[in-house]
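**Student:** Structure in structure tokens, see below.
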Amino acid sequence: LKPEHGMHINAEEIRKAISPRTKAIIINSPCNPTGAVTTAEELEEVAKLCQEFDLWVISDEVYHPFVFASNPETEPCGNAIAPSIAAAEGMHERTIIVESLSKTYAMTGWRIGYILAPSQVIEQTSKIAEMMHSSVNSTAQYGGVAALTGPQDHVREMREEYRAKRQLVIDGLANCNALRLIEPQGAFYVFIDVRPTGLSSEEFSKKLLDEEKVAVVPGEAFGTEGSGFVRLSYAGKAEELKEGVARMSKFALAQQALHAA
Ligand SMILES: Cc1ncc(COP(=O)(O)O)c(C=O)c1O
């Protein structure tokens, strides 16, 4: 993942990482922590690699309803979801989709997730699941059924709320030249380049927490390519988010000035 590619996956980079021991490629779109949404064209390129090298894909799509490309004015139903690699030619039989009720239904504490995969995979994973945890408790299962079979209007409402909060962050940091953000297209995260402040992402996150009581996650927590970035989650309350973004902007500008001095 490269900032100059908007942290989008790149099939050529993936090709370089494939070895004779490679069995599967793990992808995640919409992405935590970058907010990037892999396009159908990019997924096609990855699909071609999977056919060429006979690989499976494990596709984490837990944020699939939270994409912001659609325009609520022109598309009031807002049915847009992130594209899935399973839809690419020949991929249905080699894709394992990882899903969760945590994001779409805000049921994080209920601990329900599931996979969508060819039957031979389901058969084997069921055996493992049975041995490891037997099953999810029955109360949570009834709740899960209600979530999946009940009205889905709230999913659109949640997305529109996230869209507004996303805009709040983008606007709140627009005039802060000490922070560079990669405009997110999905999920509920913004990945922010903090290098103009002269601080590492670790130092930035710690100081911001100590001095301004604002919590972000250092990019390295997600891998070495996250170095120099921090992840901001905009899933919280709008008022708190506004205040947090204002403090973060002020803090970053002060650090930048110190660094320049
Ligand atoms: C990309 C991604 N996949 C999976 C999960 C796991 O969600 P859960 O364990 O709550 O189902 C998360 C949670 O943050 C996530 O960000």
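Quick note on naming: the chains in the structure tokens go A, B, ... in the order shown, residues restart at 1 in each chain, and ligands are numbered from 1 in order of appearance.
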Give the residue list for ligand 1 at 12 Å, counting only C-alpha atoms and all ligand atoms, as a PyMOL selection string, sorted by chain and then by residue number.

**Tutor:** chain A and resi 26-37+58-64+97-115+186-189+222+231+233+235

**Student:** Quick one: residues within 12 Å of Glu52 of chain A, only C-alpha atoms counted, chain neighbours fewer than 5 positions away excluded, as an MDAnalysis selection string?

**Tutor:** chainID A and resid 15 18 45:47 90:91

**Student:** Grab the atom CA of Val214 of chain A to atom CA of Phe251 of chain A distance for me, in Å with one decimal place.

**Tutor:**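 Straight-line distance from atom CA of Val214 of chain A to atom CA of Phe251 of chain A works out to 10.2 Å.
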
**Student:** Using DSSP on the backbone coordinates, identify all residues within segment 100-238 of chain A classified as strand (DSSP E or B); present the result as a list in words.

**Tutor:**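 Result set for segment 100-238 of chain A (strand (DSSP E or B)): Ser100, Gly113, Tyr114, Ile115, Leu116, Arg180, Leu181, Ile182, Gly186, Tyr189, Val190, Phe191, Ile192, Asp193, Val217, Pro218, Phe229, Val230, Arg231, Leu232 and Ser233 of chain A.
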
**Student:** Between atom CA of Ile122 of chain A and atom CA of Thr95 of chain A, what distance in Å does the model show, to one decimal?

**Tutor:**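 About the pair atom CA of Ile122 of chain A and atom CA of Thr95 of chain A: they are 11.7 Å apart.
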
**Student:** Set the distance at 6 Å and use only C-alpha atoms: which residues neighbour Thr197 of chain A once local chain neighbours fewer than 5 positions away are removed? I'd like the list as a PyMOL selection string.

**Tutor:** chain A and resi 178+252+255-256

**Student:** Those selected residues, please, written with N, CA and C atoms and delivered as an mmCIF file, in the first residue's frame.

**Tutor:**
```
data_model
loop_
_atom_site.group_PDB
_atom_site.id
_atom_site.type_symbol
_atom_site.label_atom_id
_atom_site.label_comp_id
_atom_site.auth_asym_id
_atom_site.auth_seq_id
_atom_site.Cartn_x
_atom_site.Cartn_y
_atom_site.Cartn_z
ATOM 1 N N ALA A 178 -0.361 20.943 8.508
ATOM 2 C CA ALA A 178 0.551 20.042 9.227
ATOM 3 C C ALA A 178 0.073 18.595 9.148
ATOM 4 N N ALA A 252 -1.283 19.737 15.904
ATOM 5 C CA ALA A 252 -0.385 19.440 14.778
ATOM 6 C C ALA A 252 0.329 20.701 14.299
ATOM 7 N N GLN A 255 3.054 21.603 16.764
ATOM 8 C CA GLN A 255 4.201 20.696 16.644
ATOM 9 C C GLN A 255 5.022 21.029 15.395
ATOM 10 N N GLN A 256 4.313 21.361 14.328
ATOM 11 C CA GLN A 256 4.992 21.718 13.079
ATOM 12 C C GLN A 256 5.858 22.972 13.278
#
```

**Student:** What does the structure give for the distance between atom CA of Phe191 of chain A and atom CA of Val217 of chain A, in Å to one decimal?

**Tutor:**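 Atom-to-atom, atom CA of Phe191 of chain A to atom CA of Val217 of chain A, that is 9.6 Å.
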
**Student:** Please list as a list in words every residue within 9 Å of Lys206 of chain A, counting only C-alpha atoms and excluding residues in the same chain fewer than 3 positions away.

**Tutor:**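 Everything that qualifies: Ser201, Glu202, Glu203, Leu209, Asp210, Glu211, Ala215, Val216 and Pro218 of chain A.
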
**Student:** Do a neighbour search on segment 159-166 of chain A at 8 Å with only C-alpha atoms, toss out local chain neighbours closer than 6 positions, and write the hits as a ChimeraX atom specification.

**Tutor:** /A:65-68,184,188,190,234-235,238,241

**Student:** Please produce an output containing C-alpha atoms for each residue in the selection, written as a PDB file, in the first residue's frame.

**Tutor:**
```
ATOM      1  CA  PRO A  65     -22.356  -1.033   3.260  1.00  0.00           C
ATOM      2  CA  PHE A  66     -20.214   1.944   4.221  1.00  0.00           C
ATOM      3  CA  VAL A  67     -19.107   3.456   0.943  1.00  0.00           C
ATOM      4  CA  PHE A  68     -19.446   7.124   0.090  1.00  0.00           C
ATOM      5  CA  PRO A 184     -11.534   8.052   2.665  1.00  0.00           C
ATOM      6  CA  PHE A 188     -15.350   4.908   9.159  1.00  0.00           C
ATOM      7  CA  VAL A 190      -9.372   8.474   8.044  1.00  0.00           C
ATOM      8  CA  TYR A 234     -15.147   8.889  13.132  1.00  0.00           C
ATOM      9  CA  ALA A 235     -17.644   6.396  14.549  1.00  0.00           C
ATOM     10  CA  ALA A 238     -20.410  14.298  16.084  1.00  0.00           C
ATOM     11  CA  LEU A 241     -15.510  14.412  16.913  1.00  0.00           C
TER      12      LEU A 241
END
```

**Student:** What are the DSSP alpha helix (DSSP H) residues of segment 21-223 of chain A, as a PyMOL selection string?

**Tutor:** chain A and resi 40-53+101-104+119-133+138-149+153-173+201-212

**Student:** Would you kindly return, as a ChimeraX atom specification, each protein, DNA or RNA residue with an atom no farther than 7 Å from any atom of Leu55 of chain A, considering only C-alpha atoms and excluding same-chain residues fewer than 5 positions away?

**Tutor:** /A:23-24,50

**Student:** Go ahead and write the residues just picked, all heavy atoms, as a JSON list (two decimals), in the first residue's frame.

**Tutor:**
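In the end it all went to selection_31.json:
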```json
[["chain", "number", "residue", "atom", "x", "y", "z"],
["A", 23, "LYS", "N", -0.67, -19.51, -0.83],
["A", 23, "LYS", "CA", -1.92, -20.27, -1.02],
["A", 23, "LYS", "C", -3.12, -19.33, -1.21],
["A", 23, "LYS", "O", -4.09, -19.69, -1.86],
["A", 23, "LYS", "CB", -2.22, -21.15, 0.22],
["A", 23, "LYS", "CG", -1.17, -22.22, 0.52],
["A", 23, "LYS", "CD", -1.41, -23.44, -0.35],
["A", 23, "LYS", "CE", -0.46, -24.57, 0.00],
["A", 23, "LYS", "NZ", 0.90, -24.34, -0.48],
["A", 24, "ALA", "N", -3.02, -18.17, -0.58],
["A", 24, "ALA", "CA", -4.17, -17.26, -0.61],
["A", 24, "ALA", "C", -3.72, -15.82, -0.47],
["A", 24, "ALA", "O", -2.62, -15.55, 0.03],
["A", 24, "ALA", "CB", -5.13, -17.61, 0.53],
["A", 50, "CYS", "N", -5.02, -14.53, -9.17],
["A", 50, "CYS", "CA", -5.48, -15.75, -8.47],
["A", 50, "CYS", "C", -5.65, -16.90, -9.45],
["A", 50, "CYS", "O", -5.32, -18.05, -9.15],
["A", 50, "CYS", "CB", -6.80, -15.48, -7.75],
["A", 50, "CYS", "SG", -6.59, -14.34, -6.40]]
```
